>>> print(open('upload.csv').read())   # CSV, C-alpha atoms
chain,number,residue,atom,x,y,z
H,28,MET,CA,22.7,23.4,-14.1
H,29,ALA,CA,23.3,20.3,-12.0
H,30,GLN,CA,25.2,20.7,-8.8
H,31,HIS,CA,27.5,17.7,-8.8
H,32,ARG,CA,28.2,16.1,-5.5
H,33,GLY,CA,30.7,13.4,-4.4
H,34,HIS,CA,30.6,9.8,-5.5
H,35,ASN,CA,27.3,8.1,-4.4
H,36,GLU,CA,25.9,11.3,-3.0
H,37,GLY,CA,23.4,12.0,-5.7
H,38,THR,CA,22.8,15.2,-7.7
H,39,ILE,CA,20.7,18.3,-7.2
H,40,SER,CA,19.7,20.0,-10.5
H,41,LYS,CA,18.4,23.6,-10.7
H,42,ARG,CA,15.6,24.3,-13.1
H,43,VAL,CA,13.9,27.5,-14.0
H,44,ILE,CA,10.3,27.0,-15.1
H,45,THR,CA,8.4,29.6,-17.1
H,46,ARG,CA,4.7,29.7,-16.4
H,47,LYS,CA,2.0,30.5,-18.9
H,48,ASP,CA,1.7,34.0,-17.4
H,49,GLY,CA,5.4,34.6,-18.0
H,50,THR,CA,6.5,34.4,-14.4
H,51,LYS,CA,9.5,32.2,-13.6
H,52,VAL,CA,9.8,29.6,-10.8
H,53,THR,CA,13.0,28.0,-9.7
H,54,ARG,CA,12.9,24.3,-8.7
H,55,TYR,CA,15.6,22.0,-7.4
H,56,ILE,CA,15.4,18.4,-8.6
H,57,ALA,CA,17.1,15.8,-6.3
H,58,LEU,CA,18.4,12.6,-8.0
H,59,MET,CA,19.4,9.5,-6.1
H,60,PRO,CA,22.8,7.9,-6.7
H,61,ALA,CA,22.7,5.2,-9.3
H,62,ASP,CA,21.4,1.9,-8.1
H,63,SER,CA,22.5,-1.6,-9.1
H,64,SER,CA,20.6,-1.3,-12.4
H,65,GLY,CA,22.1,2.0,-13.2
H,66,GLN,CA,18.9,3.9,-12.6
H,67,ARG,CA,18.9,7.3,-10.8
H,68,PRO,CA,15.4,8.0,-9.6
H,69,SER,CA,14.2,11.4,-8.6
H,70,VAL,CA,13.1,12.0,-5.0
H,71,GLY,CA,11.2,15.1,-5.8
H,72,SER,CA,11.1,18.7,-6.9
H,73,PHE,CA,11.7,21.4,-4.2
H,74,GLY,CA,11.6,25.1,-3.7
H,75,THR,CA,15.0,25.4,-2.0
H,76,VAL,CA,18.4,23.7,-2.1
H,77,ARG,CA,18.0,22.9,1.6
H,78,GLU,CA,14.8,21.0,1.0
H,79,ALA,CA,16.3,19.1,-1.9
H,80,ARG,CA,19.3,18.1,0.2
H,81,GLU,CA,17.1,16.9,3.1
H,82,ALA,CA,15.0,14.8,0.7
H,83,LEU,CA,18.1,13.4,-0.9
H,84,SER,CA,19.5,12.5,2.5
H,85,SER,CA,16.2,10.8,3.5
H,86,GLY,CA,16.2,8.9,0.2
H,87,LYS,CA,19.6,7.5,0.8
H,88,VAL,CA,18.7,6.4,4.3
H,89,ALA,CA,15.5,4.8,2.9
H,90,ARG,CA,17.6,2.9,0.3
H,91,ALA,CA,20.0,1.7,3.0
H,92,GLN,CA,17.0,0.3,5.0
H,93,GLY,CA,15.9,-1.7,2.0
H,94,ILE,CA,13.1,0.6,0.8
H,95,VAL,CA,12.6,0.4,-2.9
H,96,VAL,CA,13.1,3.8,-4.5
H,97,THR,CA,12.9,2.7,-8.1
H,98,GLY,CA,10.2,1.9,-10.6
H,99,LYS,CA,7.1,3.8,-11.7
H,100,VAL,CA,5.9,6.4,-9.3
H,101,PRO,CA,2.1,6.4,-8.9
H,102,THR,CA,0.0,9.5,-9.6
H,103,VAL,CA,-1.7,11.3,-6.8
H,104,LYS,CA,-5.0,9.7,-7.7
H,105,GLU,CA,-3.5,6.2,-8.0
H,106,TRP,CA,-1.8,6.5,-4.6
H,107,CYS,CA,-4.8,8.1,-2.8
H,108,GLU,CA,-7.2,5.4,-4.0
H,109,GLN,CA,-4.8,2.6,-2.9
H,110,TRP,CA,-4.3,4.3,0.5
H,111,PHE,CA,-8.0,5.0,1.0
H,112,ALA,CA,-9.1,1.5,0.1
H,113,GLY,CA,-6.9,0.3,3.0
H,114,ARG,CA,-8.6,2.5,5.6
H,115,THR,CA,-11.3,0.1,6.6
H,116,ARG,CA,-11.5,1.1,10.3
H,117,ILE,CA,-12.8,4.6,9.9
H,118,GLY,CA,-16.5,5.5,10.4
H,119,TYR,CA,-19.0,6.1,7.6
H,120,ALA,CA,-19.1,9.9,8.1
H,121,THR,CA,-15.3,10.2,8.1
H,122,ARG,CA,-15.1,8.0,5.0
H,123,ARG,CA,-17.7,10.1,3.2
H,124,GLY,CA,-15.7,13.2,4.0
H,125,TYR,CA,-12.5,11.8,2.7
H,126,ARG,CA,-14.3,10.6,-0.5
H,127,VAL,CA,-15.5,14.2,-1.1
H,128,SER,CA,-12.1,15.6,-0.5
H,129,LEU,CA,-10.2,13.2,-2.7
H,130,ASP,CA,-12.7,13.5,-5.6
H,131,THR,CA,-12.3,17.3,-5.3
H,132,VAL,CA,-8.5,17.3,-5.7
H,133,TYR,CA,-8.3,14.7,-8.4
H,134,SER,CA,-9.4,17.0,-11.2
H,135,TYR,CA,-6.7,19.4,-10.3
H,136,ILE,CA,-3.7,17.3,-9.4
H,137,GLY,CA,-4.9,13.7,-9.7
H,138,LEU,CA,-2.7,12.9,-12.8
H,139,ILE,CA,0.5,14.4,-11.3
H,140,ARG,CA,3.0,11.8,-10.2
H,141,LEU,CA,3.8,11.9,-6.5
H,142,THR,CA,7.5,12.9,-7.0
H,143,ASP,CA,6.5,15.7,-9.4
H,144,LEU,CA,3.8,17.2,-7.0
H,145,THR,CA,4.9,20.6,-5.7
H,146,GLU,CA,3.8,23.1,-3.1
H,147,GLN,CA,2.8,25.4,-6.0
H,148,HIS,CA,0.4,22.7,-7.5
H,149,ILE,CA,-1.4,22.4,-4.1
H,150,ALA,CA,-1.5,26.2,-3.4
H,151,ALA,CA,-2.8,26.9,-6.9
H,152,MET,CA,-5.5,24.3,-6.4
H,153,TRP,CA,-6.7,25.8,-3.1
H,154,SER,CA,-6.7,29.3,-4.6
H,155,LYS,CA,-8.9,28.2,-7.5
H,156,LEU,CA,-11.3,26.3,-5.2
H,157,GLU,CA,-11.7,29.4,-3.0
H,158,ARG,CA,-12.3,31.6,-6.0
H,159,GLY,CA,-14.7,29.2,-7.7
H,160,ILE,CA,-12.5,28.2,-10.6
H,161,ALA,CA,-12.7,24.6,-11.8
H,162,ALA,CA,-9.6,22.7,-13.1
H,163,ASP,CA,-10.6,23.4,-16.7
H,164,GLY,CA,-11.0,27.2,-16.0
H,165,SER,CA,-14.8,27.2,-15.9
H,166,LEU,CA,-16.7,28.8,-13.0
H,167,VAL,CA,-18.1,26.7,-10.2
H,168,PRO,CA,-19.5,27.6,-6.7
H,169,PRO,CA,-16.5,28.7,-4.5
H,170,LEU,CA,-15.7,26.6,-1.5
H,171,ALA,CA,-15.7,28.0,2.0
H,172,LEU,CA,-12.2,28.3,3.6
H,173,THR,CA,-13.1,25.9,6.3
H,174,THR,CA,-14.0,23.3,3.6
H,175,VAL,CA,-10.7,23.9,1.8
H,176,GLN,CA,-8.9,23.4,5.1
H,177,LYS,CA,-10.6,20.0,5.6
H,178,HIS,CA,-9.5,19.0,2.0
H,179,HIS,CA,-6.0,20.0,2.8
H,180,THR,CA,-5.8,18.1,6.0
H,181,ARG,CA,-7.0,14.9,4.3
H,182,LEU,CA,-4.7,15.3,1.3
H,183,LYS,CA,-1.8,15.8,3.7
H,184,ALA,CA,-2.7,12.6,5.6
H,185,ALA,CA,-2.7,10.7,2.3
H,186,LEU,CA,0.7,12.1,1.3
H,187,ASN,CA,2.1,11.4,4.8
H,188,ALA,CA,1.2,7.8,4.3
H,189,ALA,CA,3.1,7.8,0.9
H,190,VAL,CA,6.2,9.2,2.6
H,191,ALA,CA,6.0,6.4,5.2
H,192,SER,CA,5.4,3.7,2.7
H,193,ARG,CA,8.2,1.3,1.9
H,194,HIS,CA,7.0,1.0,-1.6
H,195,ILE,CA,6.9,4.6,-2.6
H,196,GLN,CA,10.0,6.6,-3.3
H,197,LEU,CA,8.5,9.8,-2.0
H,198,THR,CA,10.6,11.3,0.9
H,199,TYR,CA,8.9,14.7,1.2
H,200,ASN,CA,5.3,15.8,1.7
H,201,PRO,CA,4.7,19.1,-0.2
H,202,ALA,CA,1.4,19.6,1.6
H,203,LYS,CA,3.4,20.2,4.8
H,204,SER,CA,5.0,23.3,3.3
H,205,GLU,CA,3.7,26.6,4.6
H,206,GLN,CA,3.4,27.7,1.0
H,207,ALA,CA,0.9,24.9,0.2
H,208,ARG,CA,-1.5,25.6,3.1
H,209,PRO,CA,-4.8,27.4,2.6
H,210,GLY,CA,-5.5,30.5,4.6
H,211,LYS,CA,-6.8,30.3,8.2
H,212,GLY,CA,-10.5,30.8,8.7
H,213,ALA,CA,-12.5,31.5,11.7
H,214,ARG,CA,-13.0,28.4,13.9
H,215,LYS,CA,-16.5,27.1,13.9
H,216,GLN,CA,-18.2,28.2,17.1
H,217,ILE,CA,-20.3,25.8,19.2
H,218,ASN,CA,-23.8,27.1,20.0
H,219,PRO,CA,-25.2,25.4,23.1
H,220,LEU,CA,-28.5,26.4,24.7
H,221,SER,CA,-28.5,28.6,27.8
H,222,GLU,CA,-30.4,27.4,30.9
H,223,ASP,CA,-33.4,29.6,30.0
H,224,GLU,CA,-33.3,28.3,26.4
H,225,ALA,CA,-33.1,24.7,27.6
H,226,ARG,CA,-36.2,25.2,29.7
H,227,ALA,CA,-38.1,26.8,26.9
H,228,PHE,CA,-37.0,24.0,24.5
H,229,MET,CA,-38.1,21.3,26.9
H,230,ALA,CA,-41.5,23.0,27.4
H,231,ALA,CA,-42.0,23.2,23.6
H,232,VAL,CA,-41.4,19.5,23.0
H,233,ALA,CA,-43.2,18.2,26.1
H,234,ASP,CA,-46.4,17.2,24.4
H,235,THR,CA,-44.9,16.3,21.0
H,236,PRO,CA,-44.1,12.8,19.6
H,237,ASP,CA,-40.4,13.8,19.8
H,238,ALA,CA,-40.4,14.6,23.5
H,239,ALA,CA,-38.6,11.4,24.6
H,240,LEU,CA,-36.0,11.7,21.8
H,241,PHE,CA,-35.0,15.3,22.6
H,242,THR,CA,-35.2,14.8,26.3
H,243,THR,CA,-32.8,11.8,26.0
H,244,LEU,CA,-30.4,13.7,23.7
H,245,LEU,CA,-30.3,16.7,26.0
H,246,THR,CA,-29.8,14.8,29.2
H,247,THR,CA,-27.4,12.1,28.1
H,248,GLY,CA,-25.1,13.8,25.6
H,249,MET,CA,-25.8,11.1,23.0
H,250,ARG,CA,-24.7,11.6,19.5
H,251,LEU,CA,-27.4,11.5,16.8
H,252,GLY,CA,-26.4,8.1,15.5
H,253,GLU,CA,-26.2,6.6,19.0
H,254,ALA,CA,-29.8,7.8,19.7
H,255,GLN,CA,-31.0,6.3,16.4
H,256,ALA,CA,-29.4,3.0,17.4
H,257,LEU,CA,-30.7,2.9,21.0
H,258,ARG,CA,-32.8,-0.2,21.7
H,259,TRP,CA,-35.1,-1.1,24.6
H,260,CYS,CA,-32.7,-3.8,25.7
H,261,ASP,CA,-30.1,-1.1,26.4
H,262,VAL,CA,-32.6,0.8,28.6
H,263,ASP,CA,-33.1,0.0,32.3
H,264,LEU,CA,-35.8,2.3,33.6
H,265,ASP,CA,-35.9,0.7,37.0
H,266,ARG,CA,-32.2,1.5,37.5
H,267,SER,CA,-32.4,4.8,35.6
H,268,THR,CA,-29.6,3.9,33.2
H,269,VAL,CA,-29.1,3.8,29.4
H,270,GLY,CA,-26.4,1.8,27.7
H,271,ILE,CA,-24.9,3.4,24.7
H,272,ARG,CA,-23.4,0.5,22.7
H,273,GLN,CA,-23.5,1.3,19.0
H,274,SER,CA,-24.3,3.8,16.3
H,275,ILE,CA,-26.2,3.5,13.0
H,276,HIS,CA,-26.4,5.4,9.8
H,277,PHE,CA,-28.2,5.0,6.5
H,278,GLU,CA,-26.2,4.4,3.3
H,279,THR,CA,-27.9,4.8,-0.1
H,280,GLY,CA,-28.1,1.4,-1.9
H,281,THR,CA,-27.2,-0.5,1.3
H,282,GLY,CA,-29.7,0.6,3.9
H,283,TRP,CA,-29.2,0.9,7.7
H,284,VAL,CA,-25.6,0.0,8.8
H,285,ALA,CA,-24.7,-0.5,12.4
H,286,GLY,CA,-21.3,0.1,13.8
H,287,GLU,CA,-19.3,1.1,16.9
H,288,THR,CA,-19.7,4.4,18.7
H,289,LYS,CA,-17.4,7.1,17.6
H,290,THR,CA,-14.9,6.3,20.3
H,291,GLY,CA,-15.2,2.6,19.8
H,292,ARG,CA,-16.3,2.1,23.4
H,293,SER,CA,-19.7,1.4,25.1
H,294,ARG,CA,-20.7,3.5,28.0
H,295,LEU,CA,-23.4,3.4,30.7
H,296,VAL,CA,-25.2,6.7,31.4
H,297,SER,CA,-27.4,7.6,34.4
H,298,ILE,CA,-30.6,9.4,33.4
H,299,PRO,CA,-32.6,11.9,35.6
H,300,PRO,CA,-36.2,11.2,36.7
H,301,GLY,CA,-37.7,13.4,33.9
H,302,THR,CA,-35.9,11.3,31.2
H,303,VAL,CA,-37.1,8.1,32.9
H,304,ALA,CA,-40.7,9.4,32.7
H,305,ALA,CA,-40.3,10.5,29.1
H,306,LEU,CA,-39.0,7.0,28.1
H,307,ARG,CA,-41.9,5.3,30.0
H,308,LYS,CA,-44.3,7.4,28.0
H,309,GLN,CA,-42.4,6.6,24.8
H,310,ARG,CA,-42.7,2.9,25.4
H,311,ALA,CA,-46.4,3.1,25.9
H,312,HIS,CA,-46.8,5.2,22.8
H,313,GLN,CA,-44.7,2.7,20.8
H,314,LYS,CA,-47.1,-0.1,21.9
H,315,GLU,CA,-49.9,1.9,20.4
H,316,MET,CA,-47.9,2.3,17.1
H,317,TRP,CA,-47.3,-1.4,17.1
H,318,LEU,CA,-51.0,-2.2,17.4
H,319,ALA,CA,-51.8,0.3,14.6
H,320,ALA,CA,-49.1,-1.0,12.3
H,321,ALA,CA,-50.0,-4.7,12.7
H,322,LEU,CA,-48.1,-6.9,10.3
H,323,VAL,CA,-45.9,-4.1,8.8
H,324,TRP,CA,-44.2,-3.4,12.1
H,325,GLN,CA,-40.5,-4.2,12.0
H,326,ASP,CA,-39.7,-5.3,15.6
H,327,ASP,CA,-36.0,-4.5,15.9
H,328,GLY,CA,-36.5,-3.0,19.3
H,329,TYR,CA,-35.5,0.6,18.5
H,330,VAL,CA,-36.5,3.1,21.2
H,331,PHE,CA,-37.0,5.9,18.7
H,332,ALA,CA,-38.8,4.5,15.6
H,333,ARG,CA,-41.1,5.4,12.8
H,334,PRO,CA,-44.7,4.2,12.8
H,335,ASP,CA,-43.5,0.9,11.2
H,336,GLY,CA,-40.7,0.2,13.7
H,337,ARG,CA,-37.8,1.3,11.5
H,338,PRO,CA,-35.2,3.8,12.9
H,339,LEU,CA,-35.8,7.5,12.6
H,340,ALA,CA,-34.1,9.1,9.7
H,341,ALA,CA,-31.5,11.8,10.5
H,342,ALA,CA,-33.2,14.3,8.2
H,343,SER,CA,-36.5,13.9,10.0
H,344,ILE,CA,-34.8,14.5,13.4
H,345,THR,CA,-33.1,17.6,12.0
H,346,SER,CA,-36.5,18.9,10.8
H,347,ALA,CA,-38.1,18.2,14.1
H,348,MET,CA,-35.2,20.0,15.9
H,349,ALA,CA,-35.9,23.1,13.8
H,350,ARG,CA,-39.6,23.0,14.6
H,351,ALA,CA,-38.9,22.6,18.3
H,352,CYS,CA,-36.6,25.7,18.3
H,353,ASP,CA,-39.2,27.7,16.5
H,354,ALA,CA,-41.9,26.6,18.9
H,355,ALA,CA,-39.6,27.5,21.9
H,356,GLY,CA,-38.9,31.0,20.4
H,357,ILE,CA,-35.1,30.4,20.4
H,358,ALA,CA,-32.6,30.6,17.6
H,359,ARG,CA,-32.4,27.4,15.6
H,360,ARG,CA,-29.7,24.9,16.6
H,361,SER,CA,-28.4,21.7,15.2
H,362,VAL,CA,-29.0,18.3,16.9
H,363,LYS,CA,-25.3,18.3,17.8
H,364,ASP,CA,-25.8,21.5,19.8
H,365,LEU,CA,-27.9,19.5,22.3
H,366,ARG,CA,-24.7,17.4,23.0
H,367,HIS,CA,-22.8,20.7,23.5
H,368,THR,CA,-25.5,21.9,25.8
H,369,TYR,CA,-25.3,18.7,27.9
H,370,ALA,CA,-21.5,19.2,28.2
H,371,THR,CA,-21.8,22.9,29.1
H,372,LEU,CA,-24.6,22.7,31.6
H,373,ALA,CA,-24.1,19.2,33.2
H,374,LEU,CA,-20.3,19.2,33.2
H,375,THR,CA,-18.7,22.6,32.8
H,376,ARG,CA,-21.1,24.5,35.0
H,377,ASN,CA,-22.0,21.5,37.2
H,378,VAL,CA,-25.7,22.3,36.9
H,379,PRO,CA,-27.9,19.3,37.7
H,380,LEU,CA,-30.2,18.4,34.8
H,381,SER,CA,-33.2,18.1,37.0
H,382,PHE,CA,-33.6,21.9,36.7
H,383,LEU,CA,-35.2,21.2,33.3
H,384,TRP,CA,-38.4,19.9,35.0
H,385,GLN,CA,-38.6,22.6,37.7
>>> encode(input="upload.csv", output="structure tokens")
Amino acid sequence: MAQHRGHNEGTISKRVITRKDGTKVTRYIALMPADSSGQRPSVGSFGTVREAREALSSGKVARAQGIVVTGKVPTVKEWCEQWFAGRTRIGYATRRGYRVSLDTVYSYIGLIRLTDLTEQHIAAMWSKLERGIAADGSLVPPLALTTVQKHHTRLKAALNAAVASRHIQLTYNPAKSEQARPGKGARKQINPLSEDEARAFMAAVADTPDAALFTTLLTTGMRLGEAQALRWCDVDLDRSTVGIRQSIHFETGTGWVAGETKTGRSRLVSIPPGTVAALRKQRAHQKEMWLAAALVWQDDGYVFARPDGRPLAAASITSAMARACDAAGIARRSVKDLRHTYATLALTRNVPLSFLWQ
């Protein structure tokens, strides 16, 4: 039954929906006052009268500000694709993460129009993904709770943009509701090397082709993509400094793509004597590789390169990291854990990195 309000105040209608399992859900549909064409668009479906009233109030304010609240409402997929296409300033890894998240939710809620999307739709989707149930009811590998949480955060960002848009009549983001949120999982723990482990790690890589790479990662706090992008023109061994100016990554079908660092800023890092020595040895070794490669050498100036001069692949660095940990007799770590180790030892504990060569 509709709850009639005063003139030009809009209407809130109560609807009881019976699900397939026989349970009933009460929803409150908020309709805007008629516009100049006589249309009364919906501003959404809500779980409580209070939420419906707040959305109706926001819709009227939006209309007073000149925001269009009529016309065809896009589906979740239509809006997310439009919004995502406009996010041109995010990094490759971030874009790839959003792509995975959006593609995941489309099969569950992609065809639902934004104003019809409810907290129940979103909560049911997360529940199925955690239990390994596809949108069509078939069984699929279940997703970890931390993965579901990432999907939720990205969906919420897309819907926040729809609420903020002057061209969408959505005034409420159902992903913000407590009911729509997935459960809380354990926060992923960082796993830096201890001082003893760092010494063992350095000793294990000392006479390997990856010595300079891991020494530089551990003593500068570089990110993996920044180390891959490091060029000799950025290295001043006489002044013991390294300039971190860009990052690179490999895209299938495109090749190597260079971009800004994660923060968008360049930085100059001082390096200890052991790192200077490792880089001098690396430069001499690279001259030998250049002579051996002859005409196939790609002289792009990368400090850490394959035998033909191309940048080192992330997968090969990850594999080398695992071998180094095994050789050192320590638990395997990710390459990112070397950055955490740098922060822990060099900054938090204020331990000089020269201890690695003692």
>>> atom_distance(input="upload.csv", atom1="atom CA of H:Cys107", atom2="atom CA of H:Arg80")
26.3 Å
>>> atom_distance(input="upload.csv", atom1="atom CA of H:Pro209", atom2="atom CA of H:Gly118")
26.0 Å
>>> residues_around(input="upload.csv", residues="H:Asp163", least_positions_apart="4", cutoff="12 Å", atoms="all atoms listed in the file", output="short mmCIF file (atom, residue, chain, number, x, y, z; two decimals) with C-alpha atoms, in the frame of the given file")
data_model
loop_
_atom_site.label_atom_id
_atom_site.label_comp_id
_atom_site.auth_asym_id
_atom_site.auth_seq_id
_atom_site.Cartn_x
_atom_site.Cartn_y
_atom_site.Cartn_z
CA SER H 134 -9.40 17.00 -11.20
CA TYR H 135 -6.70 19.40 -10.30
CA ILE H 136 -3.70 17.30 -9.40
CA MET H 152 -5.50 24.30 -6.40
CA LYS H 155 -8.90 28.20 -7.50
CA LEU H 156 -11.30 26.30 -5.20
CA GLY H 159 -14.70 29.20 -7.70
CA VAL H 167 -18.10 26.70 -10.20
#
>>> residues_around(input="upload.csv", residues="stretch 229-231 of chain H", least_positions_apart="4", cutoff="12 Å", atoms="only C-alpha atoms", output="ChimeraX atom specification")
/H:220,222-225,235-246,301-302,305,347-357,365,380-385
>>> atom_distance(input="upload.csv", atom1="atom CA of H:Ile117", atom2="atom CA of H:Leu170")
24.9 Å
>>> closest_atom_pairs(input="upload.csv", of="stretch 137-211 of chain H", to="stretch 45-69 of chain H", cutoff="10 Å", atoms="all atoms listed in the file", output="JSON lines")
{"residue": "H:Thr142", "atom": "CA", "partner": "H:Ser69", "partner_atom": "CA", "distance": 7.0}
{"residue": "H:Asp143", "atom": "CA", "partner": "H:Ser69", "partner_atom": "CA", "distance": 8.9}
{"residue": "H:Thr145", "atom": "CA", "partner": "H:Arg54", "partner_atom": "CA", "distance": 9.3}
{"residue": "H:Gln147", "atom": "CA", "partner": "H:Val52", "partner_atom": "CA", "distance": 9.5}
{"residue": "H:Gln196", "atom": "CA", "partner": "H:Ser69", "partner_atom": "CA", "distance": 8.3}
{"residue": "H:Leu197", "atom": "CA", "partner": "H:Ser69", "partner_atom": "CA", "distance": 8.9}
>>> closest_residue(input="upload.csv", among="H:Ala285, H:Val330, H:Ala112, H:Val100", to="H:Cys260", atoms="only C-alpha atoms")
H:Val330
>>> residues_around(input="upload.csv", residues="H:Ala189", least_positions_apart="6", cutoff="12 Å", atoms="all atoms listed in the file", output="number ranges by chain")
H: 100-111, 140-142, 182-183, 195-202
>>> residues_near_point(input="upload.csv", point="(-27.4, 4.2, 20.7)", cutoff="7 Å", atoms="all atoms listed in the file", output="number ranges by chain")
H: 252-257, 271-274
>>> residues_around(input="upload.csv", residues="H:Arg307", least_positions_apart="4", cutoff="8 Å", atoms="only C-alpha atoms", output="ChimeraX atom specification")
/H:264,303,311
>>> residues_near_point(input="upload.csv", point="(-31.5, 10.8, 34.7)", cutoff="6 Å", atoms="all atoms listed in the file", output="mmCIF file with C-alpha atoms, keeping the file's coordinate frame")
data_model
loop_
_atom_site.group_PDB
_atom_site.id
_atom_site.type_symbol
_atom_site.label_atom_id
_atom_site.label_comp_id
_atom_site.auth_asym_id
_atom_site.auth_seq_id
_atom_site.Cartn_x
_atom_site.Cartn_y
_atom_site.Cartn_z
ATOM 1 C CA SER H 297 -27.400 7.600 34.400
ATOM 2 C CA ILE H 298 -30.600 9.400 33.400
ATOM 3 C CA PRO H 299 -32.600 11.900 35.600
ATOM 4 C CA PRO H 300 -36.200 11.200 36.700
ATOM 5 C CA THR H 302 -35.900 11.300 31.200
#
>>> closest_residue(input="upload.csv", among="H:Ile275, H:Gly210, H:Ser128, H:Gly113", to="H:Glu157", atoms="only C-alpha atoms")
H:Gly210
>>> closest_residue(input="upload.csv", among="H:Ala91, H:Arg158, H:Ser293, H:Ser85", to="H:Ala191", atoms="all atoms listed in the file")
H:Ser85
>>> closest_residue(input="upload.csv", among="H:Ser267, H:Ser40, H:Ser84, H:Asn218", to="H:Ser72", atoms="all atoms listed in the file")
H:Ser40
>>> decode(input="upload.csv", residues="stretch 180-206 of chain H", atoms="C-alpha atoms", output="PDB file, in the first residue's frame")
ATOM      1  CA  THR H 180      35.178  -2.375  -2.050  1.00  0.00           C
ATOM      2  CA  ARG H 181      35.449  -1.951  -5.822  1.00  0.00           C
ATOM      3  CA  LEU H 182      31.703  -2.377  -6.405  1.00  0.00           C
ATOM      4  CA  LYS H 183      31.003   0.177  -3.686  1.00  0.00           C
ATOM      5  CA  ALA H 184      33.358   2.646  -5.384  1.00  0.00           C
ATOM      6  CA  ALA H 185      31.516   2.239  -8.698  1.00  0.00           C
ATOM      7  CA  LEU H 186      28.134   2.740  -7.050  1.00  0.00           C
ATOM      8  CA  ASN H 187      29.406   5.762  -5.107  1.00  0.00           C
ATOM      9  CA  ALA H 188      30.282   7.322  -8.456  1.00  0.00           C
ATOM     10  CA  ALA H 189      26.760   6.614  -9.722  1.00  0.00           C
ATOM     11  CA  VAL H 190      25.260   8.385  -6.723  1.00  0.00           C
ATOM     12  CA  ALA H 191      27.555  11.365  -7.333  1.00  0.00           C
ATOM     13  CA  SER H 192      26.800  11.501 -11.062  1.00  0.00           C
ATOM     14  CA  ARG H 193      24.534  14.254 -12.343  1.00  0.00           C
ATOM     15  CA  HIS H 194      23.214  11.920 -15.022  1.00  0.00           C
ATOM     16  CA  ILE H 195      22.086   8.987 -12.882  1.00  0.00           C
ATOM     17  CA  GLN H 196      18.989   9.108 -10.733  1.00  0.00           C
ATOM     18  CA  LEU H 197      20.519   6.918  -8.041  1.00  0.00           C
ATOM     19  CA  THR H 198      20.565   8.620  -4.649  1.00  0.00           C
ATOM     20  CA  TYR H 199      21.494   5.691  -2.428  1.00  0.00           C
ATOM     21  CA  ASN H 200      24.345   3.169  -2.556  1.00  0.00           C
ATOM     22  CA  PRO H 201      23.099  -0.229  -1.327  1.00  0.00           C
ATOM     23  CA  ALA H 202      26.691  -1.506  -1.030  1.00  0.00           C
ATOM     24  CA  LYS H 203      27.159   0.876   1.905  1.00  0.00           C
ATOM     25  CA  SER H 204      24.552  -0.973   3.932  1.00  0.00           C
ATOM     26  CA  GLU H 205      25.842  -3.170   6.743  1.00  0.00           C
ATOM     27  CA  GLN H 206      23.587  -5.913   5.431  1.00  0.00           C
TER      28      GLN H 206
END
